[in-house]
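In what follows, a single structure is set out as structure tokens and then discussed.
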Amino acid sequence: MSTTQTVKKNYALPIAMMYLLFFMIAFVTNLCNPMAVIVKNQFEVSNAMAQLGNAANFIAYAVMGIPAGILLKRIGYKKTALTAIAVGFLGVFLQYVSGWNAVQSYGVYLAGAFIAGFCMCMLNTVVNPMLNTLGGGGKKGNQLIQFGGVGNSLAATFVTIFVGALVGDASKAHISDATPALFVALGIFLLVFIVLSFVRIPEPELDKASEASGKQAVSPAGKRYSAFSFRHFNLGIIAIFLYMGVEVGIPTYVLQYLSTATDAATPGFGMDSGVAASIAGVFWLMMLIGRLCGGLLGGRFSSRAQILFVSSVCILFIVLGMLLPTTSTVRFFGFEGSTGHFVSADIPVGMMLLVLCGLCTSVCWGGIFNMAVEGLGKYTSVASGMFMTMVCGGGILIPLQGAIADISGSFLVSFLVPLVCAVYILFYALVGYKNVNKDIVTE
């Protein structure tokens, strides 16, 4: 009894640090959404090109995912996290510099977003397996990840609304308008780097370093195994690739639709950017609420049960969001950046349902990760790196959705992308999650 209590006490601070890193990941990642509104105006680019910052951020996962998993195995959680924070500071600073009058470079902005993506990938590689390990896997591991997601959603909600309020009129937006938010990001990086330097983090991967680090297991028949030998893991990383199209695609294009002028090439709703960002930010607020509920209920309901329910509801909401007439409206409240006041505004009912999809996506990340690595044992760290690699789906699916909006001339039609993604997630929870490779030794 006393031993168990001591372990819990020792793990409290590491868990708190993982939660703080979760907050950082969302803050920097979701800078790209409101920044797309700014970039679209300042550099006069299309919807698809405006989302290349998002694309660069997520494509960085494809480059860094596997190296991050290897790095985690060789230098441990703490050093990987500290390295990631230093890289992230550089990435955000370059985004800030891209708006300087002497620079004014779209390329520098994209480079900053790409470098920041390296940081987000490395941090994600740390926090997910760390929390899952501290929770002992299963329902408890999923529960800790869901609670970590609460801070993630809080940061996403805050940064979306904050930058939207700073921008105000989208047609006059410049990167310099977002300076306070960029400085907040730089300050968070600096603070966490200092604090994390003095915190002791359990290092289960380093403890195993002497046991054939990086080698694959070999069966008596001579067959080599890896994380890719597990069917449910392979299907799971596809699920996380497509999940990014739901989590990022929906709020990104709700914001684009609401803030785009009614007479634009791809017509929007013509709202003040601050109000539109406030409404889009509710998506992340819904994720916060959903993750809090998922954390509280995670000890009672399995990851599969949660994913089955939320993916089904998400599909329904997306379909209704696309088909309901835009003339059917509902009253929402938002922050008008141009006047600095909270105002009420009517938005299409379909947009409200799309925003409510945040409740559905809330538990998907932790749930999919939990199911995908279940039973992988010593392959978990490398699997986590590959899991992060597939987050590059955001860098492919978000511009794809923008291209569909440009070609079709309709933001509503573009929501076919997250719809297809949500259908696959439902399939994974129904069939794909099963571990059919239990004969593989994972100790």
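Each chain of the structure tokens is named A, B, ... in the order shown, its residues numbered from 1; ligands are numbered from 1 in display order.
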Residues near Gln401 of chain A, cut-off 8 Å, only C-alpha atoms, skip fewer than 4 positions along chain, as a list in words: Ala48, Gly249, Leu397, Ala405, Ser414, Phe415 and Val417 of chain A
Residues near Phe369 of chain A, cut-off 9 Å, only C-alpha atoms, skip fewer than 5 positions along chain, as a PDB file with N, CA, C and O atoms, in the first residue's frame:
```pdb
ATOM      1  N   ASN A 128       2.974  11.367 -25.448  1.00  0.00           N
ATOM      2  CA  ASN A 128       1.991  10.284 -25.552  1.00  0.00           C
ATOM      3  C   ASN A 128       2.468   8.975 -24.930  1.00  0.00           C
ATOM      4  O   ASN A 128       1.783   8.413 -24.071  1.00  0.00           O
ATOM      5  N   PRO A 129       3.649   8.442 -25.337  1.00  0.00           N
ATOM      6  CA  PRO A 129       4.084   7.196 -24.694  1.00  0.00           C
ATOM      7  C   PRO A 129       4.427   7.388 -23.227  1.00  0.00           C
ATOM      8  O   PRO A 129       4.275   6.462 -22.424  1.00  0.00           O
ATOM      9  N   ASN A 142      -4.978   5.637 -21.260  1.00  0.00           N
ATOM     10  CA  ASN A 142      -5.868   6.450 -22.085  1.00  0.00           C
ATOM     11  C   ASN A 142      -6.421   7.619 -21.279  1.00  0.00           C
ATOM     12  O   ASN A 142      -6.541   8.744 -21.775  1.00  0.00           O
ATOM     13  N   PHE A 233      -1.642  -1.981 -35.647  1.00  0.00           N
ATOM     14  CA  PHE A 233      -0.813  -0.787 -35.615  1.00  0.00           C
ATOM     15  C   PHE A 233      -0.780  -0.115 -36.988  1.00  0.00           C
ATOM     16  O   PHE A 233      -0.912   1.116 -37.105  1.00  0.00           O
ATOM     17  N   GLY A 236      -3.883   1.554 -37.544  1.00  0.00           N
ATOM     18  CA  GLY A 236      -3.998   2.659 -36.600  1.00  0.00           C
ATOM     19  C   GLY A 236      -3.268   3.906 -37.065  1.00  0.00           C
ATOM     20  O   GLY A 236      -3.756   5.027 -36.877  1.00  0.00           O
ATOM     21  N   ILE A 237      -2.085   3.733 -37.668  1.00  0.00           N
ATOM     22  CA  ILE A 237      -1.365   4.916 -38.136  1.00  0.00           C
ATOM     23  C   ILE A 237      -2.061   5.544 -39.347  1.00  0.00           C
ATOM     24  O   ILE A 237      -1.967   6.751 -39.569  1.00  0.00           O
ATOM     25  N   ILE A 240      -4.709   7.715 -37.745  1.00  0.00           N
ATOM     26  CA  ILE A 240      -4.242   8.991 -37.207  1.00  0.00           C
ATOM     27  C   ILE A 240      -3.901   9.951 -38.343  1.00  0.00           C
ATOM     28  O   ILE A 240      -4.063  11.160 -38.220  1.00  0.00           O
ATOM     29  N   CYS A 364     -10.377  11.249 -29.818  1.00  0.00           N
ATOM     30  CA  CYS A 364      -9.875  10.406 -30.907  1.00  0.00           C
ATOM     31  C   CYS A 364      -8.371  10.196 -30.860  1.00  0.00           C
ATOM     32  O   CYS A 364      -7.891   9.072 -31.053  1.00  0.00           O
ATOM     33  N   GLU A 374      -1.458  -0.873 -28.292  1.00  0.00           N
ATOM     34  CA  GLU A 374      -1.797  -1.905 -27.317  1.00  0.00           C
ATOM     35  C   GLU A 374      -1.140  -3.228 -27.699  1.00  0.00           C
ATOM     36  O   GLU A 374      -1.272  -3.723 -28.818  1.00  0.00           O
ATOM     37  N   SER A 384       5.741   4.860 -31.638  1.00  0.00           N
ATOM     38  CA  SER A 384       5.319   6.224 -31.347  1.00  0.00           C
ATOM     39  C   SER A 384       5.916   7.194 -32.365  1.00  0.00           C
ATOM     40  O   SER A 384       5.256   8.134 -32.810  1.00  0.00           O
ATOM     41  N   PHE A 387       3.974   6.818 -35.444  1.00  0.00           N
ATOM     42  CA  PHE A 387       2.662   7.408 -35.188  1.00  0.00           C
ATOM     43  C   PHE A 387       2.727   8.907 -35.446  1.00  0.00           C
ATOM     44  O   PHE A 387       1.837   9.499 -36.065  1.00  0.00           O
TER      45      PHE A 387
END
```
- request: Might you pull out every residue within 10 Å of Asn54 of chain A, with only C-alpha atoms counted and same-chain residues fewer than 6 positions away left off, and present them as a list of chain:residue names?
  value: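 Surrounding residues, per the criterion: A:Thr29, A:Asn30, A:Leu31, A:Cys32, A:Asn33, A:Met35, A:Ala36, A:Leu110, A:Ala113, A:Phe114, A:Gly117, A:Val248, A:Thr252, A:Cys392, A:Gly394, A:Gly395, A:Ile396, A:Ile398, A:Pro399.
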Export N, CA, C and O atoms of the chosen residues as a compact mmCIF listing (two decimals), in the first residue's frame?
```txt
# COMPACT_ATOMS: atom_id res chain seq x y z
N THR A 29 1.01 24.80 -32.70
CA THR A 29 0.38 24.19 -33.87
C THR A 29 -0.80 25.02 -34.36
O THR A 29 -0.94 25.27 -35.57
N ASN A 30 -1.63 25.47 -33.44
CA ASN A 30 -2.85 26.17 -33.84
C ASN A 30 -2.64 27.65 -34.13
O ASN A 30 -3.59 28.33 -34.52
N LEU A 31 -1.41 28.13 -33.98
CA LEU A 31 -1.09 29.44 -34.51
C LEU A 31 -1.31 29.47 -36.02
O LEU A 31 -1.65 30.51 -36.59
N CYS A 32 -1.10 28.32 -36.66
CA CYS A 32 -1.19 28.26 -38.13
C CYS A 32 -2.59 28.56 -38.65
O CYS A 32 -2.74 29.06 -39.77
N ASN A 33 -3.64 28.25 -37.87
CA ASN A 33 -4.99 28.46 -38.37
C ASN A 33 -5.34 29.93 -38.53
O ASN A 33 -5.67 30.38 -39.63
N MET A 35 -3.22 32.35 -38.44
CA MET A 35 -2.14 32.94 -39.24
C MET A 35 -2.43 32.78 -40.74
O MET A 35 -1.98 33.59 -41.56
N ALA A 36 -3.19 31.74 -41.11
CA ALA A 36 -3.54 31.54 -42.52
C ALA A 36 -4.36 32.71 -43.04
O ALA A 36 -4.23 33.11 -44.21
N LEU A 110 7.08 30.09 -44.12
CA LEU A 110 6.93 28.64 -44.31
C LEU A 110 8.07 27.87 -43.66
O LEU A 110 7.85 26.81 -43.06
N ALA A 113 7.38 27.72 -39.98
CA ALA A 113 6.33 26.75 -39.68
C ALA A 113 6.85 25.32 -39.79
O ALA A 113 6.49 24.45 -38.99
N PHE A 114 7.73 25.08 -40.77
CA PHE A 114 8.31 23.74 -40.97
C PHE A 114 9.19 23.36 -39.79
O PHE A 114 9.11 22.25 -39.25
N GLY A 117 7.29 22.60 -36.79
CA GLY A 117 6.70 21.27 -36.91
C GLY A 117 7.63 20.18 -36.39
O GLY A 117 7.17 19.19 -35.81
N VAL A 248 -8.09 19.16 -37.67
CA VAL A 248 -7.58 20.44 -38.15
C VAL A 248 -8.44 21.01 -39.28
O VAL A 248 -8.67 22.21 -39.36
N THR A 252 -10.37 24.86 -39.29
CA THR A 252 -9.65 25.70 -40.26
C THR A 252 -10.60 26.27 -41.29
O THR A 252 -10.58 27.48 -41.58
N CYS A 392 1.61 13.92 -40.46
CA CYS A 392 1.79 14.69 -41.69
C CYS A 392 0.51 14.71 -42.51
O CYS A 392 0.39 15.50 -43.46
N GLY A 394 -2.07 16.07 -41.72
CA GLY A 394 -2.55 17.45 -41.66
C GLY A 394 -1.95 18.30 -42.76
O GLY A 394 -2.61 19.19 -43.31
N GLY A 395 -0.70 18.02 -43.11
CA GLY A 395 -0.03 18.79 -44.15
C GLY A 395 -0.48 18.43 -45.55
O GLY A 395 -0.21 19.17 -46.50
N ILE A 396 -1.15 17.31 -45.70
CA ILE A 396 -1.63 16.87 -47.01
C ILE A 396 -3.13 17.12 -47.15
O ILE A 396 -3.61 17.64 -48.16
N ILE A 398 -5.18 19.16 -45.33
CA ILE A 398 -5.67 20.53 -45.18
C ILE A 398 -5.53 21.31 -46.49
O ILE A 398 -6.49 21.94 -46.95
N PRO A 399 -4.35 21.29 -47.15
CA PRO A 399 -4.28 21.94 -48.47
C PRO A 399 -5.20 21.28 -49.50
O PRO A 399 -5.73 21.96 -50.38
```
query: Which polymer residues have any atom within 7 Å of an atom of Leu426 of chain A, counting only C-alpha atoms, with same-chain residues fewer than 4 positions away left out, as JSON, numbers by chain?
result: {"A": [308, 311, 312, 422, 430]}
Serialized selection, all heavy atoms, as a short mmCIF file (atom, residue, chain, number, x, y, z; two decimals), in the first residue's frame:
```cif
data_model
loop_
_atom_site.label_atom_id
_atom_site.label_comp_id
_atom_site.auth_asym_id
_atom_site.auth_seq_id
_atom_site.Cartn_x
_atom_site.Cartn_y
_atom_site.Cartn_z
N LEU A 308 -16.04 4.55 -31.18
CA LEU A 308 -17.23 4.13 -31.91
C LEU A 308 -18.34 5.17 -31.81
O LEU A 308 -18.97 5.53 -32.81
CB LEU A 308 -17.74 2.79 -31.35
CG LEU A 308 -17.06 1.52 -31.82
CD1 LEU A 308 -17.58 0.31 -31.05
CD2 LEU A 308 -17.29 1.31 -33.33
N SER A 311 -17.13 8.91 -33.40
CA SER A 311 -16.97 8.93 -34.85
C SER A 311 -18.32 8.87 -35.55
O SER A 311 -18.53 9.52 -36.58
CB SER A 311 -16.08 7.78 -35.32
OG SER A 311 -16.62 6.52 -34.95
N SER A 312 -19.27 8.14 -34.98
CA SER A 312 -20.62 8.06 -35.56
C SER A 312 -21.32 9.41 -35.49
O SER A 312 -21.93 9.87 -36.47
CB SER A 312 -21.46 7.02 -34.80
OG SER A 312 -20.88 5.73 -34.91
N ALA A 422 -13.54 10.65 -41.20
CA ALA A 422 -14.33 10.20 -40.05
C ALA A 422 -14.90 8.81 -40.29
O ALA A 422 -14.99 7.99 -39.36
CB ALA A 422 -15.46 11.19 -39.77
N LEU A 430 -14.44 -0.30 -35.39
CA LEU A 430 -15.30 -1.47 -35.58
C LEU A 430 -14.49 -2.75 -35.81
O LEU A 430 -14.77 -3.79 -35.21
CB LEU A 430 -16.23 -1.25 -36.78
CG LEU A 430 -17.44 -0.33 -36.57
CD1 LEU A 430 -18.12 -0.04 -37.91
CD2 LEU A 430 -18.43 -0.97 -35.60
#
```
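In this structure, atom CA of Gly321 of chain A sits 7.8 Å away from atom CA of Leu412 of chain A.
Nearest to Val87 of chain A of all the residues A:Ile15, A:Ala165, A:Val37, A:Cys121 is A:Cys121, counting only C-alpha atoms.
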Got a sec: who's within 8 Å of Met64 of chain A, counting only C-alpha atoms, leaving out chain neighbours fewer than 3 positions off, as a compact mmCIF listing (two decimals) with all heavy atoms, in the first residue's frame?
```txt
# COMPACT_ATOMS: atom_id res chain seq x y z
N ALA A 60 6.39 18.29 -41.55
CA ALA A 60 7.60 18.12 -40.74
C ALA A 60 7.53 16.81 -39.95
O ALA A 60 8.57 16.20 -39.66
CB ALA A 60 7.77 19.30 -39.79
N TYR A 61 6.31 16.37 -39.61
CA TYR A 61 6.15 15.11 -38.90
C TYR A 61 6.63 13.93 -39.75
O TYR A 61 7.17 12.96 -39.23
CB TYR A 61 4.68 14.89 -38.53
CG TYR A 61 4.21 15.68 -37.33
CD1 TYR A 61 3.91 17.03 -37.43
CD2 TYR A 61 4.03 15.05 -36.11
CE1 TYR A 61 3.46 17.75 -36.33
CE2 TYR A 61 3.57 15.75 -35.00
CZ TYR A 61 3.29 17.10 -35.12
OH TYR A 61 2.84 17.81 -34.02
N PRO A 67 12.94 9.62 -36.88
CA PRO A 67 14.12 10.08 -36.13
C PRO A 67 13.79 10.44 -34.69
O PRO A 67 14.60 10.20 -33.79
CB PRO A 67 14.58 11.31 -36.91
CG PRO A 67 14.14 11.04 -38.31
CD PRO A 67 12.81 10.35 -38.16
N ALA A 68 12.59 11.00 -34.47
CA ALA A 68 12.20 11.36 -33.10
C ALA A 68 12.05 10.12 -32.24
O ALA A 68 12.43 10.11 -31.06
CB ALA A 68 10.89 12.15 -33.11
N PHE A 118 8.96 20.35 -36.58
CA PHE A 118 9.92 19.40 -36.01
C PHE A 118 9.74 19.33 -34.49
O PHE A 118 9.75 18.25 -33.89
CB PHE A 118 11.35 19.85 -36.31
CG PHE A 118 11.79 19.62 -37.73
CD1 PHE A 118 12.87 20.32 -38.25
CD2 PHE A 118 11.16 18.71 -38.54
CE1 PHE A 118 13.29 20.12 -39.56
CE2 PHE A 118 11.56 18.49 -39.84
CZ PHE A 118 12.64 19.21 -40.36
N CYS A 121 6.49 17.54 -33.45
CA CYS A 121 6.63 16.10 -33.65
C CYS A 121 7.41 15.47 -32.51
O CYS A 121 7.01 14.44 -31.94
CB CYS A 121 7.32 15.82 -34.98
SG CYS A 121 7.61 14.07 -35.30
N MET A 122 8.53 16.07 -32.16
CA MET A 122 9.38 15.53 -31.10
C MET A 122 8.66 15.55 -29.75
O MET A 122 8.74 14.59 -28.97
CB MET A 122 10.68 16.33 -31.02
CG MET A 122 11.56 16.17 -32.26
SD MET A 122 12.88 17.39 -32.36
CE MET A 122 13.96 16.83 -31.04
N THR A 389 4.91 10.39 -37.34
CA THR A 389 5.15 10.62 -38.77
C THR A 389 3.83 10.79 -39.52
O THR A 389 3.70 11.63 -40.41
CB THR A 389 5.94 9.44 -39.38
OG1 THR A 389 7.21 9.36 -38.75
CG2 THR A 389 6.13 9.61 -40.87
```
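Minimum atom-to-atom distance to Ile289 of chain A, evaluated using only C-alpha atoms, belongs to A:Ser362 out of A:Asn41, A:Ser362, A:Asn57, A:Asn124.
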query: Near Tyr428 of chain A, counting only C-alpha atoms, which residues have an atom at most 8 Å away, once you skip same-chain residues fewer than 4 positions from it, shown as a PyMOL selection string?
result: chain A and resi 235-236+239+424+432-433
- prompt: Tell me, which residues of segment 93-332 of chain A carry DSSP alpha helix (DSSP H), written as number ranges by chain?
  reply: A: 93-97, 106-134, 138-167, 179-197, 204-207, 231-247, 249-259, 273-297, 303-323
